[in-house]
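*Asks:* Sharing structure_32.pdb (PDB, C-alpha atoms) below.
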ATOM      1  CA  MET A   1     -22.413 -58.099 -21.266
ATOM      2  CA  GLU A   2     -19.173 -56.725 -19.823
ATOM      3  CA  ILE A   3     -19.637 -53.526 -21.812
ATOM      4  CA  LEU A   4     -23.093 -53.133 -20.289
ATOM      5  CA  VAL A   5     -21.679 -53.577 -16.795
ATOM      6  CA  PHE A   6     -18.900 -51.057 -17.416
ATOM      7  CA  ALA A   7     -21.285 -48.562 -18.957
ATOM      8  CA  GLY A   8     -23.810 -49.087 -16.174
ATOM      9  CA  ILE A   9     -21.398 -48.413 -13.308
ATOM     10  CA  PRO A  10     -20.773 -44.734 -14.166
ATOM     11  CA  VAL A  11     -24.490 -44.189 -14.789
ATOM     12  CA  LEU A  12     -25.350 -45.737 -11.420
ATOM     13  CA  LEU A  13     -22.607 -43.722  -9.756
ATOM     14  CA  LEU A  14     -23.940 -40.506 -11.262
ATOM     15  CA  LEU A  15     -27.476 -41.332 -10.151
ATOM     16  CA  LEU A  16     -26.229 -42.159  -6.669
ATOM     17  CA  LEU A  17     -24.266 -38.905  -6.445
ATOM     18  CA  SER A  18     -27.275 -36.986  -7.646
ATOM     19  CA  LEU A  19     -29.425 -38.573  -4.953
ATOM     20  CA  LEU A  20     -26.772 -37.927  -2.341
ATOM     21  CA  GLY A  21     -26.780 -34.263  -3.246
ATOM     22  CA  ALA A  22     -30.493 -34.129  -2.713
ATOM     23  CA  THR A  23     -30.855 -36.085   0.477
ATOM     24  CA  TRP A  24     -27.579 -36.483   2.309
ATOM     25  CA  ASN A  25     -27.858 -33.849   5.020
ATOM     26  CA  LEU A  26     -25.431 -33.117   7.836
ATOM     27  CA  ASP A  27     -28.044 -31.344   9.919
ATOM     28  CA  VAL A  28     -31.502 -30.967   8.475
ATOM     29  CA  ASP A  29     -32.639 -27.373   8.143
ATOM     30  CA  PRO A  30     -36.257 -26.503   8.691
ATOM     31  CA  PRO A  31     -38.085 -26.173   5.352
ATOM     32  CA  GLU A  32     -39.090 -22.569   6.074
ATOM     33  CA  GLU A  33     -35.410 -21.616   6.208
ATOM     34  CA  ARG A  34     -34.929 -23.075   2.725
ATOM     35  CA  THR A  35     -37.707 -20.955   1.320
ATOM     36  CA  LYS A  36     -36.130 -17.932   2.983
ATOM     37  CA  VAL A  37     -32.910 -18.768   1.162
ATOM     38  CA  MET A  38     -34.661 -18.118  -2.131
ATOM     39  CA  ALA A  39     -36.269 -14.924  -0.949
ATOM     40  CA  ARG A  40     -33.097 -13.464   0.520
ATOM     41  CA  ARG A  41     -30.494 -14.338  -2.071
ATOM     42  CA  GLY A  42     -29.097 -11.579  -4.212
ATOM     43  CA  GLN A  43     -29.192  -8.455  -2.051
ATOM     44  CA  ALA A  44     -27.982  -5.365  -3.866
ATOM     45  CA  GLY A  45     -24.200  -5.188  -3.963
ATOM     46  CA  GLU A  46     -23.725  -8.778  -2.801
ATOM     47  CA  ASP A  47     -21.773 -11.053  -5.083
ATOM     48  CA  PRO A  48     -22.584 -14.693  -4.192
ATOM     49  CA  GLY A  49     -19.257 -15.717  -5.731
ATOM     50  CA  VAL A  50     -17.350 -13.876  -2.982
ATOM     51  CA  CYS A  51     -19.092 -15.907  -0.300
ATOM     52  CA  ILE A  52     -18.549 -19.171  -2.175
ATOM     53  CA  ARG A  53     -14.875 -18.457  -2.781
ATOM     54  CA  ARG A  54     -14.448 -17.689   0.926
ATOM     55  CA  ILE A  55     -16.151 -20.919   2.021
ATOM     56  CA  PHE A  56     -14.132 -23.147  -0.296
ATOM     57  CA  SER A  57     -10.855 -21.203  -0.294
ATOM     58  CA  SER A  58      -7.911 -22.823   1.452
ATOM     59  CA  GLU A  59      -6.659 -19.454   2.779
ATOM     60  CA  ASP A  60      -8.478 -19.850   6.100
ATOM     61  CA  GLN A  61      -7.380 -23.478   6.355
ATOM     62  CA  LYS A  62      -3.740 -22.417   6.001
ATOM     63  CA  PHE A  63      -4.206 -19.799   8.700
ATOM     64  CA  VAL A  64      -5.688 -22.434  11.036
ATOM     65  CA  GLU A  65      -2.810 -24.822  10.236
ATOM     66  CA  ARG A  66      -0.307 -22.101  11.187
ATOM     67  CA  GLN A  67      -1.840 -21.859  14.656
ATOM     68  CA  GLY A  68      -0.659 -25.422  15.361
ATOM     69  CA  LEU A  69      -3.694 -26.357  17.442
ATOM     70  CA  PRO A  70      -5.236 -29.772  16.701
ATOM     71  CA  ARG A  71      -8.503 -28.838  18.464
ATOM     72  CA  LEU A  72      -8.844 -25.684  16.377
ATOM     73  CA  ARG A  73      -8.200 -27.722  13.229
ATOM     74  CA  GLU A  74     -11.021 -30.087  14.172
ATOM     75  CA  ILE A  75     -13.432 -27.272  14.968
ATOM     76  CA  TYR A  76     -12.507 -25.511  11.725
ATOM     77  CA  ARG A  77     -13.115 -28.583   9.601
ATOM     78  CA  ALA A  78     -16.474 -29.288  11.252
ATOM     79  CA  GLU A  79     -17.595 -25.650  11.018
ATOM     80  CA  ARG A  80     -16.546 -25.135   7.414
ATOM     81  CA  THR A  81     -17.990 -28.492   6.339
ATOM     82  CA  ARG A  82     -21.330 -27.523   7.851
ATOM     83  CA  VAL A  83     -21.356 -24.137   6.078
ATOM     84  CA  ALA A  84     -20.288 -25.672   2.751
ATOM     85  CA  LEU A  85     -22.990 -28.365   2.919
ATOM     86  CA  PHE A  86     -25.567 -25.774   3.872
ATOM     87  CA  TRP A  87     -24.701 -23.798   0.744
ATOM     88  CA  VAL A  88     -24.883 -26.883  -1.512
ATOM     89  CA  ARG A  89     -28.273 -27.815  -0.080
ATOM     90  CA  SER A  90     -29.544 -24.239  -0.335
ATOM     91  CA  VAL A  91     -28.550 -23.803  -3.956
ATOM     92  CA  SER A  92     -29.852 -27.282  -4.762
ATOM     93  CA  ALA A  93     -33.244 -26.526  -3.155
ATOM     94  CA  GLU A  94     -33.365 -23.140  -4.849
ATOM     95  CA  VAL A  95     -32.766 -24.499  -8.351
ATOM     96  CA  ALA A  96     -35.133 -27.457  -7.738
ATOM     97  CA  GLU A  97     -37.870 -24.995  -6.793
ATOM     98  CA  ILE A  98     -37.212 -22.847  -9.880
ATOM     99  CA  MET A  99     -37.323 -25.952 -12.087
ATOM    100  CA  ARG A 100     -40.573 -27.093 -10.455
ATOM    101  CA  GLU A 101     -42.145 -23.710 -11.118
ATOM    102  CA  HIS A 102     -40.863 -23.805 -14.690
ATOM    103  CA  ARG A 103     -42.327 -27.297 -15.205
ATOM    104  CA  VAL A 104     -45.735 -26.110 -14.013
ATOM    105  CA  ALA A 105     -45.556 -23.019 -16.220
ATOM    106  CA  ALA A 106     -44.299 -25.015 -19.222
ATOM    107  CA  GLY A 107     -47.240 -27.407 -18.916
ATOM    108  CA  THR A 108     -49.652 -24.633 -19.801
ATOM    109  CA  ARG A 109     -47.524 -23.002 -22.505
ATOM    110  CA  GLN A 110     -48.116 -23.760 -26.178
ATOM    111  CA  ASN A 111     -45.037 -22.121 -27.655
ATOM    112  CA  LEU A 112     -42.426 -24.323 -25.999
ATOM    113  CA  ARG A 113     -39.019 -24.463 -27.649
ATOM    114  CA  VAL A 114     -37.945 -28.075 -27.545
ATOM    115  CA  ARG A 115     -34.267 -27.294 -27.995
ATOM    116  CA  ARG A 116     -34.223 -24.848 -25.109
ATOM    117  CA  GLU A 117     -36.120 -27.273 -22.875
ATOM    118  CA  LEU A 118     -33.659 -30.053 -23.677
ATOM    119  CA  LEU A 119     -30.752 -27.740 -22.924
ATOM    120  CA  LEU A 120     -32.388 -26.889 -19.635
ATOM    121  CA  ILE A 121     -32.880 -30.555 -18.733
ATOM    122  CA  LEU A 122     -29.247 -31.308 -19.584
ATOM    123  CA  GLN A 123     -28.059 -28.383 -17.484
ATOM    124  CA  TYR A 124     -30.263 -29.503 -14.615
ATOM    125  CA  VAL A 125     -28.901 -33.058 -14.785
ATOM    126  CA  GLU A 126     -25.371 -31.644 -14.776
ATOM    127  CA  PHE A 127     -26.305 -29.432 -11.837
ATOM    128  CA  ARG A 128     -27.666 -32.366  -9.801
ATOM    129  CA  VAL A 129     -24.607 -34.485 -10.533
ATOM    130  CA  VAL A 130     -22.232 -31.660  -9.543
ATOM    131  CA  CYS A 131     -24.297 -31.080  -6.369
ATOM    132  CA  GLY A 132     -23.959 -34.749  -5.442
ATOM    133  CA  LEU A 133     -20.280 -34.862  -6.266
ATOM    134  CA  LEU A 134     -19.587 -31.714  -4.272
ATOM    135  CA  ALA A 135     -21.587 -32.879  -1.232
ATOM    136  CA  PHE A 136     -19.759 -36.211  -1.348
ATOM    137  CA  SER A 137     -16.371 -34.520  -1.677
ATOM    138  CA  ILE A 138     -17.094 -32.077   1.186
ATOM    139  CA  ARG A 139     -18.055 -34.921   3.496
ATOM    140  CA  VAL A 140     -15.178 -37.210   2.600
ATOM    141  CA  PHE A 141     -12.280 -34.846   1.823
ATOM    142  CA  GLY A 142     -13.398 -31.583   3.445
ATOM    143  CA  PRO A 143     -14.590 -28.334   1.856
ATOM    144  CA  HIS A 144     -11.325 -27.381   0.169
ATOM    145  CA  ALA A 145     -10.717 -30.440  -1.996
ATOM    146  CA  LEU A 146     -12.926 -29.418  -4.918
ATOM    147  CA  ALA A 147     -13.078 -25.640  -4.641
ATOM    148  CA  ASN A 148     -13.324 -25.203  -8.418
ATOM    149  CA  LEU A 149     -16.328 -27.514  -8.511
ATOM    150  CA  ALA A 150     -18.194 -25.136  -6.184
ATOM    151  CA  THR A 151     -17.529 -22.241  -8.555
ATOM    152  CA  HIS A 152     -18.649 -24.472 -11.422
ATOM    153  CA  LEU A 153     -21.856 -25.326  -9.545
ATOM    154  CA  LEU A 154     -22.581 -21.643  -9.090
ATOM    155  CA  GLN A 155     -21.981 -21.050 -12.810
ATOM    156  CA  VAL A 156     -24.275 -23.933 -13.801
ATOM    157  CA  SER A 157     -27.045 -22.653 -11.507
ATOM    158  CA  GLN A 158     -26.618 -19.169 -12.993
ATOM    159  CA  GLY A 159     -26.697 -20.742 -16.474
ATOM    160  CA  ILE A 160     -30.034 -22.404 -15.679
ATOM    161  CA  GLY A 161     -31.317 -19.046 -14.451
ATOM    162  CA  ARG A 162     -30.196 -17.374 -17.691
ATOM    163  CA  VAL A 163     -31.891 -20.002 -19.903
ATOM    164  CA  LEU A 164     -35.111 -19.603 -17.920
ATOM    165  CA  GLU A 165     -34.947 -15.809 -18.133
ATOM    166  CA  GLU A 166     -34.377 -15.964 -21.897
ATOM    167  CA  GLY A 167     -37.278 -18.392 -22.189
ATOM    168  CA  ALA A 168     -39.545 -16.126 -20.175
ATOM    169  CA  ALA A 169     -38.508 -13.102 -22.251
ATOM    170  CA  ALA A 170     -39.049 -14.991 -25.514
ATOM    171  CA  SER A 171     -42.506 -16.220 -24.491
ATOM    172  CA  GLN A 172     -43.486 -12.641 -23.657
ATOM    173  CA  ILE A 173     -42.433 -11.446 -27.101
ATOM    174  CA  GLN A 174     -43.997 -14.323 -29.055
ATOM    175  CA  PRO A 175     -47.761 -14.626 -29.119
ATOM    176  CA  GLU A 176     -49.014 -17.892 -27.644
ATOM    177  CA  GLY A 177     -49.651 -20.621 -30.168
ATOM    178  CA  SER A 178     -46.923 -19.531 -32.576
ATOM    179  CA  LEU A 179     -44.294 -22.100 -33.527
ATOM    180  CA  GLY A 180     -41.159 -21.927 -31.407
TER     181      GLY A 180
ATOM    182  CA  MET B   1     -30.599   8.891   1.149
ATOM    183  CA  GLN B   2     -27.020   9.452   0.037
ATOM    184  CA  ASN B   3     -26.659  12.477   2.326
ATOM    185  CA  ALA B   4     -27.802  10.652   5.434
ATOM    186  CA  TYR B   5     -25.589   7.707   4.514
ATOM    187  CA  GLU B   6     -22.517   9.882   3.983
ATOM    188  CA  ASP B   7     -23.290  11.723   7.192
ATOM    189  CA  LEU B   8     -23.461   8.412   9.053
ATOM    190  CA  LEU B   9     -20.152   7.267   7.559
ATOM    191  CA  SER B  10     -18.250  10.502   8.133
ATOM    192  CA  ARG B  11     -19.559  11.471  11.565
ATOM    193  CA  THR B  12     -20.585   8.401  13.513
ATOM    194  CA  LEU B  13     -18.932   5.363  11.949
ATOM    195  CA  ALA B  14     -15.574   7.042  11.275
ATOM    196  CA  SER B  15     -15.074   7.501  15.004
ATOM    197  CA  ILE B  16     -15.532   3.778  15.688
ATOM    198  CA  PRO B  17     -12.147   2.041  15.442
ATOM    199  CA  CYS B  18     -13.009  -1.279  13.727
ATOM    200  CA  ASP B  19     -15.638  -2.859  11.494
ATOM    201  CA  LEU B  20     -16.760  -5.362  14.108
ATOM    202  CA  ALA B  21     -17.449  -2.518  16.560
ATOM    203  CA  ARG B  22     -19.293  -0.683  13.755
ATOM    204  CA  LEU B  23     -21.429  -3.752  13.128
ATOM    205  CA  ILE B  24     -22.309  -4.080  16.815
ATOM    206  CA  TYR B  25     -23.067  -0.362  16.984
ATOM    207  CA  LEU B  26     -25.321  -0.419  13.906
ATOM    208  CA  ALA B  27     -27.158  -3.493  15.181
ATOM    209  CA  SER B  28     -27.767  -1.659  18.454
ATOM    210  CA  THR B  29     -29.612   1.105  16.587
ATOM    211  CA  ARG B  30     -32.192  -1.486  15.483
ATOM    212  CA  ASP B  31     -35.287  -2.090  17.576
ATOM    213  CA  TYR B  32     -35.476  -5.698  18.790
ATOM    214  CA  ASN B  33     -39.232  -5.927  18.287
ATOM    215  CA  SER B  34     -39.920  -3.996  15.121
ATOM    216  CA  GLY B  35     -36.552  -4.413  13.412
ATOM    217  CA  THR B  36     -36.532  -0.727  12.433
ATOM    218  CA  TYR B  37     -33.459   1.432  12.840
ATOM    219  CA  HIS B  38     -33.315   4.647  14.814
ATOM    220  CA  HIS B  39     -30.526   7.169  15.381
ATOM    221  CA  GLU B  40     -31.418  10.322  17.275
ATOM    222  CA  GLY B  41     -28.802  12.614  15.747
ATOM    223  CA  LEU B  42     -29.233  11.335  12.193
ATOM    224  CA  SER B  43     -33.044  11.631  12.374
ATOM    225  CA  ALA B  44     -32.678  15.198  13.623
ATOM    226  CA  ARG B  45     -30.538  16.179  10.619
ATOM    227  CA  HIS B  46     -32.336  14.140   7.936
ATOM    228  CA  GLU B  47     -35.754  12.725   7.182
ATOM    229  CA  PRO B  48     -36.438   9.796   9.579
ATOM    230  CA  ALA B  49     -37.044   7.404   6.656
ATOM    231  CA  GLU B  50     -33.798   8.537   5.036
ATOM    232  CA  ALA B  51     -31.925   8.024   8.309
ATOM    233  CA  ARG B  52     -33.405   4.550   8.707
ATOM    234  CA  GLY B  53     -32.407   3.657   5.158
ATOM    235  CA  ALA B  54     -28.851   4.874   5.740
ATOM    236  CA  LEU B  55     -28.511   2.807   8.914
ATOM    237  CA  LYS B  56     -29.906  -0.276   7.184
ATOM    238  CA  THR B  57     -27.591   0.092   4.183
ATOM    239  CA  ALA B  58     -24.535   0.654   6.350
ATOM    240  CA  HIS B  59     -25.451  -2.342   8.517
ATOM    241  CA  HIS B  60     -25.731  -4.580   5.440
ATOM    242  CA  GLU B  61     -22.465  -3.331   3.963
ATOM    243  CA  ILE B  62     -20.424  -3.786   7.131
ATOM    244  CA  PHE B  63     -21.908  -7.237   7.660
ATOM    245  CA  TYR B  64     -21.140  -8.261   4.085
ATOM    246  CA  LYS B  65     -17.565  -6.993   4.472
ATOM    247  CA  LEU B  66     -17.041  -8.937   7.710
ATOM    248  CA  ALA B  67     -18.741 -12.097   6.440
ATOM    249  CA  SER B  68     -16.526 -12.275   3.366
ATOM    250  CA  MET B  69     -13.351 -11.397   5.312
ATOM    251  CA  SER B  70     -10.582 -13.957   5.751
ATOM    252  CA  LEU B  71     -10.439 -15.669   9.123
ATOM    253  CA  GLU B  72      -7.062 -14.079   9.817
ATOM    254  CA  LYS B  73      -8.450 -10.571   9.304
ATOM    255  CA  LEU B  74     -11.519 -11.377  11.366
ATOM    256  CA  VAL B  75      -9.297 -12.504  14.241
ATOM    257  CA  GLY B  76      -7.567  -9.105  13.952
ATOM    258  CA  GLU B  77     -10.949  -7.364  14.016
ATOM    259  CA  LEU B  78     -12.002  -9.301  17.095
ATOM    260  CA  GLU B  79      -8.664  -8.602  18.773
ATOM    261  CA  GLN B  80      -9.129  -4.889  18.157
ATOM    262  CA  TYR B  81     -12.722  -5.027  19.361
ATOM    263  CA  VAL B  82     -11.614  -6.691  22.600
ATOM    264  CA  ARG B  83      -8.888  -4.049  23.017
ATOM    265  CA  VAL B  84     -11.183  -1.059  22.570
ATOM    266  CA  SER B  85     -13.982  -2.442  24.717
ATOM    267  CA  ARG B  86     -13.685  -1.563  28.380
ATOM    268  CA  GLU B  87     -14.231  -5.171  29.441
ATOM    269  CA  GLN B  88     -11.740  -7.692  30.746
ATOM    270  CA  PRO B  89     -10.631  -9.682  27.650
ATOM    271  CA  SER B  90     -11.120 -13.061  29.331
ATOM    272  CA  GLY B  91     -14.624 -12.103  30.489
ATOM    273  CA  LEU B  92     -15.591 -10.761  27.092
ATOM    274  CA  LEU B  93     -14.354 -13.856  25.277
ATOM    275  CA  ARG B  94     -16.164 -16.134  27.716
ATOM    276  CA  THR B  95     -19.419 -14.169  27.375
ATOM    277  CA  TRP B  96     -19.188 -14.176  23.588
ATOM    278  CA  GLN B  97     -18.558 -17.918  23.540
ATOM    279  CA  GLN B  98     -21.379 -18.734  25.926
ATOM    280  CA  LEU B  99     -24.116 -16.243  25.023
ATOM    281  CA  GLU B 100     -23.148 -15.639  21.382
ATOM    282  CA  PRO B 101     -24.391 -12.005  21.467
ATOM    283  CA  TYR B 102     -22.944 -11.448  17.994
ATOM    284  CA  ARG B 103     -25.927 -13.371  16.575
ATOM    285  CA  VAL B 104     -28.046 -10.281  17.207
ATOM    286  CA  ALA B 105     -25.669  -8.250  15.032
ATOM    287  CA  VAL B 106     -26.773 -10.024  11.859
ATOM    288  CA  PRO B 107     -28.952  -7.813   9.616
ATOM    289  CA  MET B 108     -32.395  -8.988   8.552
ATOM    290  CA  GLU B 109     -32.706 -10.309   5.000
ATOM    291  CA  ALA B 110     -29.029 -11.255   4.880
ATOM    292  CA  ASP B 111     -28.150 -14.284   2.747
ATOM    293  CA  PRO B 112     -28.446 -17.332   5.077
ATOM    294  CA  THR B 113     -25.182 -18.821   3.787
ATOM    295  CA  MET B 114     -23.375 -15.571   4.566
ATOM    296  CA  VAL B 115     -24.957 -15.545   8.012
ATOM    297  CA  ARG B 116     -23.755 -19.092   8.649
ATOM    298  CA  LEU B 117     -20.267 -18.277   7.420
ATOM    299  CA  PHE B 118     -20.072 -15.161   9.597
ATOM    300  CA  LEU B 119     -21.280 -16.912  12.767
ATOM    301  CA  SER B 120     -18.973 -19.839  12.115
ATOM    302  CA  ASN B 121     -15.969 -17.556  11.555
ATOM    303  CA  ILE B 122     -16.693 -15.588  14.722
ATOM    304  CA  ARG B 123     -16.766 -18.869  16.692
ATOM    305  CA  LEU B 124     -13.412 -19.818  15.160
ATOM    306  CA  ALA B 125     -11.926 -16.377  15.805
ATOM    307  CA  LEU B 126     -12.988 -16.613  19.456
ATOM    308  CA  GLU B 127     -11.294 -19.993  19.697
ATOM    309  CA  VAL B 128      -8.073 -18.584  18.193
ATOM    310  CA  LEU B 129      -8.040 -15.639  20.620
ATOM    311  CA  LYS B 130      -8.767 -17.912  23.573
ATOM    312  CA  HIS B 131      -5.764 -20.078  22.680
ATOM    313  CA  ARG B 132      -3.564 -17.024  22.146
ATOM    314  CA  ARG B 133      -4.440 -15.788  25.626
ATOM    315  CA  ILE B 134      -3.651 -19.192  27.114
ATOM    316  CA  GLN B 135      -0.309 -19.207  25.301
ATOM    317  CA  LEU B 136       0.449 -15.696  26.573
ATOM    318  CA  ARG B 137      -0.159 -16.847  30.141
ATOM    319  CA  VAL B 138       2.066 -19.903  29.690
ATOM    320  CA  LEU B 139       4.866 -18.480  27.564
ATOM    321  CA  PRO B 140       6.257 -15.405  29.376
ATOM    322  CA  SER B 141       8.067 -17.329  32.136
ATOM    323  CA  ASP B 142       9.567 -19.793  29.597
ATOM    324  CA  ALA B 143      10.155 -17.457  26.689
ATOM    325  CA  SER B 144      11.316 -14.252  28.299
ATOM    326  CA  PRO B 145      15.086 -13.939  27.786
ATOM    327  CA  LEU B 146      15.371 -11.770  30.881
ATOM    328  CA  LEU B 147      13.848 -14.440  33.085
ATOM    329  CA  SER B 148      15.979 -17.199  31.616
ATOM    330  CA  LEU B 149      19.105 -15.103  32.165
ATOM    331  CA  GLY B 150      18.251 -14.830  35.814
ATOM    332  CA  ARG B 151      18.053 -18.587  36.281
TER     333      ARG B 151
END
Before anything else, please render the file you have as structure tokens.

*Replies:*
Amino acid sequence: MEILVFAGIPVLLLLLLSLLGATWNLDVDPPEERTKVMARRGQAGEDPGVCIRRIFSSEDQKFVERQGLPRLREIYRAERTRVALFWVRSVSAEVAEIMREHRVAAGTRQNLRVRRELLLILQYVEFRVVCGLLAFSIRVFGPHALANLATHLLQVSQGIGRVLEEGAAASQIQPEGSLG
Amino acid sequence: MQNAYEDLLSRTLASIPCDLARLIYLASTRDYNSGTYHHEGLSARHEPAEARGALKTAHHEIFYKLASMSLEKLVGELEQYVRVSREQPSGLLRTWQQLEPYRVAVPMEADPTMVRLFLSNIRLALEVLKHRRIQLRVLPSDASPLLSLGR
């Protein structure tokens, strides 16, 4: 019984964090802006990692600290928290939309590769958990506490994109109905 | 495309002293209603479509550079922009804080997170400069060694 309780707590915590990542908004953005996020991301020459590193880097925080102004510190924390949460929500919405589209497409496909689909589901679960954890950490400890987690989130989302691209490429090569 | 772009960089943008001023300049070449870019001199020397493309590319690049800049460097950019503008620094800072004209300088189709980061950093940079000006007004009488020697 005790084992069940101890095993259940982390699972519940992970589910809670995942839900938090999906729904816990600082200021709710209009849905049309979220769809624009997907359309606009990835302009030529833009590395999303640069933006993410800037948001979560402590370099700006140190600069603000050096100014010795409590009001500026407060404004900085509020501003950077808002930007960081916006990014987490954007990337979360973007990947959720891609996964939804993939689910619809996969429903009509006959040559599904079970192993790849399972890998995708696992990566998506990891992605949701990291999203929740990051959103929680940003709200509670500020945007600089888990900077590496933000980079990890970006890598996981890119990993999901890669698996989907490989899947799409493979389904184009293989004739429908063949065993995957 | 490359020719018009290089022309824009070497002739027009090189004469503008800082990236923030370049961004404001490039945004001003864009029509508010249609969103298309126009530069008289560049269109005269190159194909209009090529000139538009060069302006758009340069606008995106400068914005991307400023948006991913550290806050410290952005404060320096803003400081330089205030210096080279012919406006009273206090008036310019107040106008920028109240009207937020820099919002218009954001290129279309820019990544929304980058846009948010840029706008947020400009707000912070304005706050830093405002405090520096206040400190400058307060400090000279206390900090100046010449004044304290005269006491």

*Asks:* Which is closer to chain B than all the others in A:Phe136, A:Phe141, A:Phe63, A:Tyr124, using all atoms listed in the file?

*Replies:*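 Among A:Phe136, A:Phe141, A:Phe63, A:Tyr124, it is A:Phe63 that comes nearest to chain B.
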
*Asks:* Give me the result of the PyMOL selection byres ((chain B) within 7 of (chain A)) on this file, residue by residue, as a PDB file with C-alpha atoms, in the coordinates of the input.

*Replies:*
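Below you can see out-v5.pdb, which holds the result:
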ATOM      1  CA  SER B  68     -16.526 -12.275   3.366  1.00  0.00           C
ATOM      2  CA  SER B  70     -10.582 -13.957   5.751  1.00  0.00           C
ATOM      3  CA  LEU B  71     -10.439 -15.669   9.123  1.00  0.00           C
ATOM      4  CA  GLU B  72      -7.062 -14.079   9.817  1.00  0.00           C
ATOM      5  CA  GLU B 109     -32.706 -10.309   5.000  1.00  0.00           C
ATOM      6  CA  ALA B 110     -29.029 -11.255   4.880  1.00  0.00           C
ATOM      7  CA  ASP B 111     -28.150 -14.284   2.747  1.00  0.00           C
ATOM      8  CA  PRO B 112     -28.446 -17.332   5.077  1.00  0.00           C
ATOM      9  CA  THR B 113     -25.182 -18.821   3.787  1.00  0.00           C
ATOM     10  CA  MET B 114     -23.375 -15.571   4.566  1.00  0.00           C
ATOM     11  CA  ARG B 116     -23.755 -19.092   8.649  1.00  0.00           C
ATOM     12  CA  LEU B 117     -20.267 -18.277   7.420  1.00  0.00           C
ATOM     13  CA  SER B 120     -18.973 -19.839  12.115  1.00  0.00           C
ATOM     14  CA  LEU B 124     -13.412 -19.818  15.160  1.00  0.00           C
TER      15      LEU B 124
END

*Asks:* List as a ChimeraX atom specification the protein and nucleic acid residues near B:Leu129, meaning an atom at most 10 Å away when only C-alpha atoms are counted, but skip any in the same chain fewer than 6 places from it.

*Replies:* /B:75-76,78-79,82,89-90,93,135

*Asks:* Using all atoms listed in the file for the distances, tell me which of B:Leu42, B:Val84, B:Ile24, B:Ala67 is nearest to B:Arg11.

*Replies:*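 Selected residue with least distance to B:Arg11: B:Leu42.
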
*Asks:* Give the padded box for stretch 144-154 of chain A as lines of an AutoDock Vina configuration file: axis-aligned, covering all atoms listed in the file, 3 Å on each side, centre and edge lengths in Å to one decimal.

*Replies:*
center_x = -16.6
center_y = -26.0
center_z = -5.6
size_x = 17.9
size_y = 14.8
size_z = 17.6

*Asks:* Quick one: residues within 12 Å of A:Met99, all atoms listed in the file counted, chain neighbours fewer than 3 positions away excluded, as a list in words?

*Replies:*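 Residues near the query, excluding close chain neighbours: Ser92, Ala93, Glu94, Val95, Ala96, His102, Arg103, Val104, Ala105, Ala106, Glu117, Leu120, Ile121, Gln123, Tyr124, Val125, Phe127, Arg128, Ser157, Ile160, Gly161, Val163 and Leu164 of chain A.
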
*Asks:* Report the residues retrieved by the PyMOL selection byres ((chain B and resi 26) around 8) from the displayed file, expressed as an MDAnalysis selection string.

*Replies:* chainID B and resid 22:25 27:30 55 58:59 105

*Asks:* Take the residues from that selection and put them in a file with C-alpha atoms, as a short mmCIF file (atom, residue, chain, number, x, y, z; two decimals), in the coordinates of the input.

*Replies:*
data_model
loop_
_atom_site.label_atom_id
_atom_site.label_comp_id
_atom_site.auth_asym_id
_atom_site.auth_seq_id
_atom_site.Cartn_x
_atom_site.Cartn_y
_atom_site.Cartn_z
CA ARG B 22 -19.29 -0.68 13.76
CA LEU B 23 -21.43 -3.75 13.13
CA ILE B 24 -22.31 -4.08 16.82
CA TYR B 25 -23.07 -0.36 16.98
CA ALA B 27 -27.16 -3.49 15.18
CA SER B 28 -27.77 -1.66 18.45
CA THR B 29 -29.61 1.10 16.59
CA ARG B 30 -32.19 -1.49 15.48
CA LEU B 55 -28.51 2.81 8.91
CA ALA B 58 -24.54 0.65 6.35
CA HIS B 59 -25.45 -2.34 8.52
CA ALA B 105 -25.67 -8.25 15.03
#

*Asks:* Which is closer to B:Ile62 than all the others in B:Arg123, B:Arg133, B:Asp19, B:Gln88, using all atoms listed in the file?

*Replies:* B:Asp19
